[in-house]
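Source file: final.txt; contents: compact mmCIF, C-alpha atoms.
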# COMPACT_ATOMS: atom_id res chain seq x y z
CA MET A 503 15.93 17.94 31.38
CA PRO A 504 18.33 16.69 28.69
CA PHE A 505 16.70 14.31 26.23
CA PRO A 506 16.94 11.41 26.27
CA PRO A 507 17.20 11.42 30.11
CA GLY A 508 20.73 10.77 31.31
CA SER A 509 22.22 11.61 27.92
CA ASP A 510 25.41 13.68 27.77
CA ASP A 511 24.28 15.08 24.43
CA GLU A 512 22.79 18.52 25.06
CA ALA A 513 21.32 18.90 21.59
CA MET A 514 17.79 18.20 22.85
CA PHE A 515 15.75 18.89 25.98
CA GLY A 516 12.31 17.86 27.20
CA VAL A 517 9.62 19.80 29.07
CA GLY A 518 6.90 17.93 30.92
CA TRP A 519 3.31 19.19 30.91
CA ARG A 520 0.34 18.04 32.97
CA CYS A 521 -3.31 18.99 32.38
CA PRO A 522 -4.80 20.31 35.65
CA ALA A 523 -8.24 19.03 34.65
CA CYS A 524 -7.61 15.45 33.51
CA GLN A 525 -4.06 15.01 34.90
CA LYS A 526 -2.90 13.69 31.53
CA SER A 527 0.80 14.40 31.03
CA LEU A 528 3.01 14.73 27.98
CA LEU A 529 6.66 15.40 27.20
CA ASN A 530 7.49 18.11 24.69
CA VAL A 531 10.95 17.51 23.17
CA SER A 532 12.76 20.41 21.50
CA ALA A 533 16.13 21.12 19.96
CA THR A 534 18.33 23.13 22.30
CA GLY A 535 19.30 25.52 19.52
CA PRO A 536 22.61 27.37 19.30
CA ILE A 537 24.49 27.65 22.60
CA GLU A 538 26.74 30.41 21.24
CA PRO A 539 24.88 31.67 18.16
CA GLY A 540 26.95 33.04 15.31
CA PRO A 541 25.62 35.30 12.55
CA ASN A 542 24.43 32.38 10.41
CA ALA A 543 23.32 30.03 13.17
CA CYS A 544 20.12 28.05 12.70
CA LEU A 545 17.73 29.17 15.43
CA ASN A 546 16.42 25.62 15.69
CA CYS A 547 19.52 23.43 15.97
CA GLY A 548 22.52 25.79 15.93
CA VAL A 549 24.23 24.56 12.75
CA ASP A 550 25.28 27.35 10.35
CA GLN A 551 22.72 27.82 7.59
CA GLU A 552 23.65 27.60 3.92
CA ASP A 553 21.70 29.64 1.38
CA GLY A 554 19.14 30.47 4.04
CA ARG A 555 18.42 26.86 5.06
CA CYS A 556 19.97 24.64 7.70
CA PRO A 557 21.82 21.67 6.13
CA SER A 558 21.20 19.63 9.29
CA CYS A 559 17.54 20.08 10.25
CA GLY A 560 16.25 21.74 7.07
CA VAL A 561 14.74 24.73 8.93
CA ARG A 562 14.92 28.25 7.51
CA ASN A 563 15.44 31.04 10.02
CA ASP A 564 12.75 33.19 8.38
CA GLU A 565 10.29 30.32 8.89
CA GLU A 566 11.47 29.85 12.46
CA ARG A 567 11.12 33.57 13.16
CA ALA A 568 7.59 33.58 11.79
CA GLY A 569 6.53 30.44 13.63
CA LEU A 570 7.85 31.73 16.97
CA GLU A 571 6.60 35.29 16.30
CA LEU A 572 10.05 36.76 16.85
CA ASP A 573 9.31 39.84 14.74
CA GLU A 574 6.65 40.80 17.28
CA VAL A 575 9.21 41.09 20.08
CA GLY A 576 9.88 44.73 20.90
CA GLU A 577 12.88 46.39 22.48
CA ASP A 578 12.25 44.64 25.79
CA PHE A 579 13.45 41.33 24.41
CA LEU A 580 14.67 40.23 27.84
CA GLY A 581 11.24 40.79 29.36
CA ALA A 582 9.62 38.91 26.48
CA ALA A 583 12.01 35.99 26.92
CA LYS A 584 11.39 35.82 30.66
CA ALA A 585 7.64 35.92 30.08
CA ALA A 586 7.96 32.99 27.68
CA PHE A 587 10.00 31.04 30.23
CA GLU A 588 7.42 31.69 32.94
CA GLN A 589 4.76 30.20 30.64
CA GLY A 590 6.90 27.13 30.03
CA LEU A 591 7.65 28.21 26.44
CA LEU A 592 11.35 27.50 26.69
CA ARG A 593 11.93 27.08 22.96
CA ARG A 594 10.42 30.49 22.20
CA GLY A 595 12.26 32.16 25.08
CA LEU A 596 15.61 30.76 23.98
CA ALA A 597 14.88 31.74 20.38
CA ILE A 598 14.17 35.33 21.46
CA LEU A 599 17.53 35.50 23.22
CA ASN A 600 19.40 33.79 20.39
CA ASP A 601 17.80 36.09 17.81
CA ARG A 602 19.07 39.11 19.71
CA LEU A 603 22.53 37.61 20.25
CA VAL A 604 22.88 36.84 16.55
CA ARG A 605 22.47 40.56 15.92
CA ASP A 606 24.37 41.77 19.00
CA PRO A 607 26.52 39.23 20.89
CA SER A 608 27.60 41.90 23.41
CA VAL A 609 24.37 41.77 25.46
CA ALA A 610 25.65 40.27 28.71
CA GLU A 611 22.19 39.90 30.26
CA ALA A 612 21.05 37.69 27.39
CA TRP A 613 23.96 35.28 27.95
CA ALA A 614 23.27 35.19 31.68
CA GLU A 615 19.56 34.51 31.17
CA LYS A 616 20.38 31.69 28.75
CA ALA A 617 22.72 30.20 31.37
CA ARG A 618 20.02 30.41 34.04
CA VAL A 619 17.54 28.57 31.82
CA TYR A 620 20.09 25.95 30.78
CA ALA A 621 20.74 25.30 34.48
CA SER A 622 17.01 24.84 35.12
CA ILE A 623 16.81 22.09 32.47
CA GLY A 624 20.06 20.38 33.39
CA LEU A 625 22.26 21.33 30.43
CA GLY A 626 25.49 21.59 32.41
CA ARG A 627 28.00 22.26 29.65
CA ALA A 628 25.73 24.86 28.07
CA VAL A 629 25.52 26.63 31.43
CA LEU A 630 29.32 26.93 31.58
CA ARG A 631 29.58 28.33 28.07
CA ALA A 632 26.78 30.86 28.48
CA TYR A 633 27.98 32.17 31.85
CA ALA A 634 31.54 32.40 30.53
CA ARG A 635 30.31 34.62 27.69
CA ALA A 636 28.31 36.80 30.10
CA ILE A 637 31.25 37.22 32.47
CA SER A 638 33.63 38.03 29.60
CA LEU A 639 31.41 41.05 28.97
CA ARG A 640 30.72 42.07 32.57
CA ARG A 641 32.07 40.63 35.82
CA GLU A 642 28.89 40.40 37.87
CA PRO A 643 29.54 38.64 41.22
CA ALA A 644 26.25 36.73 41.00
CA TRP A 645 27.19 35.35 37.58
CA ILE A 646 30.67 34.33 38.72
CA ILE A 647 29.16 32.53 41.71
CA ALA A 648 26.60 30.84 39.45
CA LEU A 649 29.40 29.68 37.12
CA ALA A 650 31.32 28.30 40.09
CA CYS A 651 28.18 26.48 41.27
CA ALA A 652 27.82 24.93 37.82
CA LEU A 653 31.44 23.76 37.94
CA HIS A 654 30.81 22.29 41.40
CA GLU A 655 27.79 20.36 40.11
CA GLN A 656 30.04 18.83 37.46
CA ARG A 657 32.52 17.88 40.21
CA ARG A 658 35.11 20.32 38.93
CA PHE A 659 35.80 21.41 42.50
CA ASP A 660 39.27 22.84 41.97
CA GLU A 661 38.05 25.17 39.22
CA ALA A 662 35.08 26.23 41.33
CA ASN A 663 37.37 26.98 44.27
CA GLY A 664 39.63 29.01 42.00
CA LEU A 665 36.75 31.18 40.83
CA TYR A 666 35.64 31.89 44.41
CA GLU A 667 39.19 32.64 45.49
CA ALA A 668 39.74 35.05 42.60
CA LEU A 669 36.43 36.79 43.29
CA LEU A 670 37.15 37.20 47.00
CA SER A 671 40.83 38.11 46.62
CA ALA A 672 39.99 40.86 44.13
CA GLY A 673 37.40 42.32 46.49
CA GLU A 674 34.72 41.97 43.79
CA ALA A 675 32.16 39.97 45.77
CA GLY A 676 30.39 42.99 47.24
CA GLY A 677 27.14 41.95 48.90
CA PHE A 678 27.76 38.37 47.80
CA GLN A 679 30.83 37.89 50.01
CA ALA A 680 29.17 35.60 52.55
CA ILE A 681 27.64 33.29 49.96
CA ALA A 682 30.92 33.19 48.03
CA LEU A 683 32.75 32.17 51.23
CA ALA A 684 30.17 29.52 52.08
CA ASN A 685 30.14 28.09 48.57
CA GLN A 686 33.93 28.08 48.45
CA ALA A 687 33.88 26.11 51.69
CA ASN A 688 31.74 23.44 50.02
CA ALA A 689 34.31 23.15 47.23
CA LEU A 690 37.13 22.94 49.78
CA VAL A 691 35.33 20.16 51.67
CA ALA A 692 35.01 18.24 48.40
CA LEU A 693 38.76 18.73 47.88
CA GLY A 694 39.49 17.37 51.35
CA ARG A 695 40.64 20.75 52.68
CA SER A 696 38.33 20.87 55.69
CA ASP A 697 40.42 23.22 57.84
CA GLU A 698 40.28 25.89 55.14
CA ALA A 699 36.58 25.22 54.67
CA ARG A 700 35.85 25.80 58.35
CA ALA A 701 37.72 29.12 58.26
CA ARG A 702 35.62 30.30 55.29
CA LEU A 703 32.37 29.24 56.99
CA GLU A 704 33.28 30.95 60.25
CA LYS A 705 33.86 34.16 58.28
CA ALA A 706 30.53 33.72 56.46
CA ILE A 707 28.78 33.30 59.83
CA GLU A 708 30.40 36.52 61.07
CA LEU A 709 28.98 38.34 58.04
CA GLU A 710 25.52 36.68 58.18
CA PRO A 711 25.00 35.31 61.70
CA LEU A 712 21.29 34.56 61.13
CA GLN A 713 21.78 32.57 57.92
CA PRO A 714 21.14 28.91 58.86
CA THR A 715 22.75 27.45 55.75
CA HIS A 716 26.19 28.70 56.83
CA ARG A 717 25.84 26.96 60.19
CA TYR A 718 24.52 23.84 58.51
CA ASN A 719 27.55 23.77 56.19
CA LEU A 720 29.90 24.29 59.13
CA ALA A 721 28.36 21.35 60.99
CA ARG A 722 28.59 19.27 57.80
CA ALA A 723 32.28 20.12 57.37
CA LEU A 724 32.94 19.08 60.96
CA LEU A 725 30.97 15.88 60.39
CA VAL A 726 33.26 14.98 57.50
CA GLU A 727 36.21 15.35 59.89
CA ARG A 728 34.43 13.26 62.54
CA ARG A 729 34.83 16.03 65.12
CA TRP A 730 31.74 14.88 66.94
CA ALA A 731 31.59 17.28 69.88
CA GLU A 732 32.07 20.25 67.56
CA VAL A 733 29.38 18.91 65.23
CA VAL A 734 26.91 18.94 68.11
CA ALA A 735 27.86 22.48 69.11
CA ALA A 736 27.70 23.83 65.55
CA ALA A 737 24.39 22.12 64.78
CA ARG A 738 22.80 23.36 68.00
CA ALA A 739 23.95 26.89 67.17
CA GLY A 740 22.29 26.44 63.79
CA LEU A 741 19.01 25.43 65.42
CA GLU A 742 19.08 28.59 67.52
CA VAL A 743 18.63 30.78 64.42
CA ASP A 744 15.30 29.06 63.69
CA PRO A 745 16.15 27.34 60.39
CA VAL A 746 13.43 26.47 57.91
CA PRO A 747 12.98 22.97 56.45
CA PRO A 748 14.95 21.02 55.42
CA TYR A 749 17.79 22.55 57.44
CA ASP A 750 16.10 22.01 60.82
CA VAL A 751 15.81 18.26 60.26
CA ALA A 752 19.28 18.03 58.74
CA LEU A 753 20.83 19.74 61.77
CA LEU A 754 18.99 17.41 64.15
CA LEU A 755 20.18 14.38 62.20
CA MET A 756 23.76 15.61 62.47
CA ILE A 757 23.34 15.95 66.23
CA ALA A 758 21.88 12.45 66.48
CA THR A 759 24.74 11.02 64.41
CA ALA A 760 27.42 12.80 66.45
CA GLU A 761 25.84 11.84 69.77
CA ASN A 762 25.60 8.20 68.72
CA GLU A 763 29.19 8.19 67.51
CA GLN A 764 30.16 9.37 71.01
CA HIS A 765 28.10 6.48 72.51
CA ARG A 766 25.65 8.97 73.99
CA GLY A 767 22.42 7.16 73.26
CA GLU A 768 20.12 9.48 75.19
CA GLY A 769 21.32 12.54 73.28
CA GLY A 770 21.07 10.70 69.98
CA LEU A 771 17.54 9.51 70.76
CA LEU A 772 16.38 12.98 71.74
CA ALA A 773 17.66 14.50 68.48
CA ALA A 774 16.27 11.68 66.34
CA ASP A 775 12.84 12.00 67.98
CA GLN A 776 12.87 15.75 67.45
CA ALA A 777 13.65 15.17 63.77
CA LEU A 778 10.76 12.73 63.49
CA VAL A 779 8.37 15.29 64.98
CA ARG A 780 9.28 17.60 62.09
CA ALA A 781 9.55 14.89 59.43
CA PRO A 782 7.53 11.79 60.38
CA ASP A 783 8.86 8.57 58.84
CA HIS A 784 12.18 10.14 57.83
CA PRO A 785 14.33 7.07 56.99
CA ARG A 786 17.61 8.42 58.38
CA ALA A 787 15.91 9.59 61.57
CA LEU A 788 14.36 6.15 62.06
CA TYR A 789 17.75 4.49 61.62
CA LEU A 790 19.46 6.86 64.05
CA ARG A 791 16.64 6.35 66.54
CA ALA A 792 17.13 2.58 66.34
CA TRP A 793 20.89 3.02 66.82
CA SER A 794 20.30 5.10 69.95
CA LEU A 795 17.74 2.66 71.36
CA GLY A 796 20.12 -0.23 70.75
CA MET A 797 22.84 1.47 72.78
CA LEU A 798 20.33 2.03 75.57
CA GLY A 799 19.42 -1.66 75.57
CA ARG A 800 15.87 -1.05 74.32
CA LEU A 801 16.10 -3.69 71.60
CA ASP A 802 12.38 -4.22 71.01
CA GLU A 803 11.88 -0.52 70.33
CA ALA A 804 14.99 -0.41 68.17
CA ARG A 805 13.71 -3.31 66.08
CA ALA A 806 10.29 -1.66 65.72
CA SER A 807 11.96 1.49 64.39
CA LEU A 808 13.97 -0.54 61.90
CA GLU A 809 10.87 -2.44 60.75
CA LYS A 810 9.16 0.87 60.07
CA LEU A 811 12.21 1.96 58.09
CA LEU A 812 12.18 -1.26 56.04
CA VAL A 813 8.56 -0.66 55.07
CA LEU A 814 9.72 2.62 53.54
CA GLU A 815 13.00 1.26 52.15
CA PRO A 816 12.81 -2.54 51.77
CA ASP A 817 16.31 -2.72 50.25
CA ASN A 818 18.05 -0.75 53.02
CA ALA A 819 21.04 -3.04 53.70
CA ASN A 820 22.11 -1.25 56.89
CA ALA A 821 18.65 -1.60 58.41
CA ARG A 822 18.48 -5.29 57.51
CA ALA A 823 21.92 -5.88 59.03
CA ALA A 824 20.86 -4.06 62.21
CA VAL A 825 17.69 -6.19 62.50
CA ALA A 826 19.79 -9.33 62.10
CA ALA A 827 22.20 -8.12 64.80
CA ILE A 828 19.32 -7.40 67.20
CA ASP A 829 17.78 -10.83 66.57
CA GLU A 830 21.14 -12.50 67.19
CA GLU A 831 21.59 -10.57 70.43
CA ARG A 832 18.12 -11.53 71.63
CA LEU A 833 18.76 -15.16 70.76
CA LYS A 834 21.98 -15.12 72.77
CA GLY A 835 20.07 -13.65 75.69
CA ARG A 836 17.47 -16.42 75.58
CA SER A 837 20.06 -19.20 75.32
CA GLY A 838 22.42 -17.73 77.87
CA SER A 839 25.28 -17.75 75.33
CA PRO A 840 28.17 -15.34 75.95
Kindly present the structure from the file in structure tokens form.
Amino acid sequence: MPFPPGSDDEAMFGVGWRCPACQKSLLNVSATGPIEPGPNACLNCGVDQEDGRCPSCGVRNDEERAGLELDEVGEDFLGAAKAAFEQGLLRRGLAILNDRLVRDPSVAEAWAEKARVYASIGLGRAVLRAYARAISLRREPAWIIALACALHEQRRFDEANGLYEALLSAGEAGGFQAIALANQANALVALGRSDEARARLEKAIELEPLQPTHRYNLARALLVERRWAEVVAAARAGLEVDPVPPYDVALLLMIATAENEQHRGEGGLLAADQALVRAPDHPRALYLRAWSLGMLGRLDEARASLEKLLVLEPDNANARAAVAAIDEERLKGRSGSP
């Protein structure tokens, strides 16, 4: 994660460690190092060195190389970097890649691996820069899609959509066509272009009919448009391909929502209960269950569901408002008020 947490400054990152024996935890904070290392870049902080020493952090690259044992890395530098990352040694892994890129910035795989690691620790702007360098050297569909995903995460939906469109229009997606279509649909939904999104998702489903995420995304796009009957149909079709968690619960919650919106309490209750079988105490499922029970006139059960929800989420304003509405309705019933 970036350090300090929530900071837009990507100069530092932190890695958490926990001892499996005593459960004691610690946070190891490191400099990110150079994002795009030049020939004189400090391997610690990225600033160009002067007379062999960094004017910013005071580190010498020969000292850094010795401390991180970079001279012991053989020709398989990429394998060595990945091994370091797997051990949680992010600083060493990044230094291995940066050391190679200082000497040869044309190694596309090194840029892509840096981007992947930056994404794993939440350095969004670094991800964009590293993937852009990788793609400038070789247009791998997976890298282009990863770059578009990074843009989406930064809410740059139009740019993400443009990357997907260019990739698909050029016929470069190859075996990644379905995922590119589905991801583009997510960007189009965010841009308010739901009709186009549905067309992309329907094409993705044609290409990969057993992929539950495509059907989930289609149901979600229809939900945004409040096309309730179609939401139910799409979500049920998604359940038929035996989705794994969390998609099974998410599809059931969409069905419950759409059924309730159509004032079909029995259908909403059935879907909410099925979701709770898979995910007991799921807050949204409990709320939808209470909504369904309220429509069916089963106010005591609805209130019990909401009380359970409020134990889990005491500050849930919607649940509190629903409890108040149920209590008011019951009071009217006792007093005979209209």
Problem set entry | Minimum-distance residue to A:Val743, chosen among A:Pro782, A:Gly770, A:Gly516, A:Pro714 (using all atoms listed in the file) |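 Selected residue with least distance to A:Val743: A:Pro714.
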Exercise. Pick from A:Ala706, A:Leu778, A:Leu833, A:Ala543: nearest to A:Val604, with all atoms listed in the file counted?
Worked result: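 Ranking A:Ala706, A:Leu778, A:Leu833, A:Ala543 by distance to A:Val604, first place goes to A:Ala543.
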Problem set entry | Point-to-point distance from atom CA of A:Cys556 to atom CA of A:Leu570, Å rounded to tenths | 16.8 Å
Exercise. Looking at all atoms listed in the file, which of A:Arg567, A:Leu754, A:Leu572, A:Ile623 is the one that sits closest to A:Val517?
Worked result: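 Looking only at the distances to A:Val517, the closest residue turns out to be A:Ile623.
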For this session: Would you mind telling me which residue in A:Asn688, A:Asn563, A:Thr534, A:Ser794 lies nearest to A:Gly769 when using only C-alpha atoms?
Result: A:Ser794
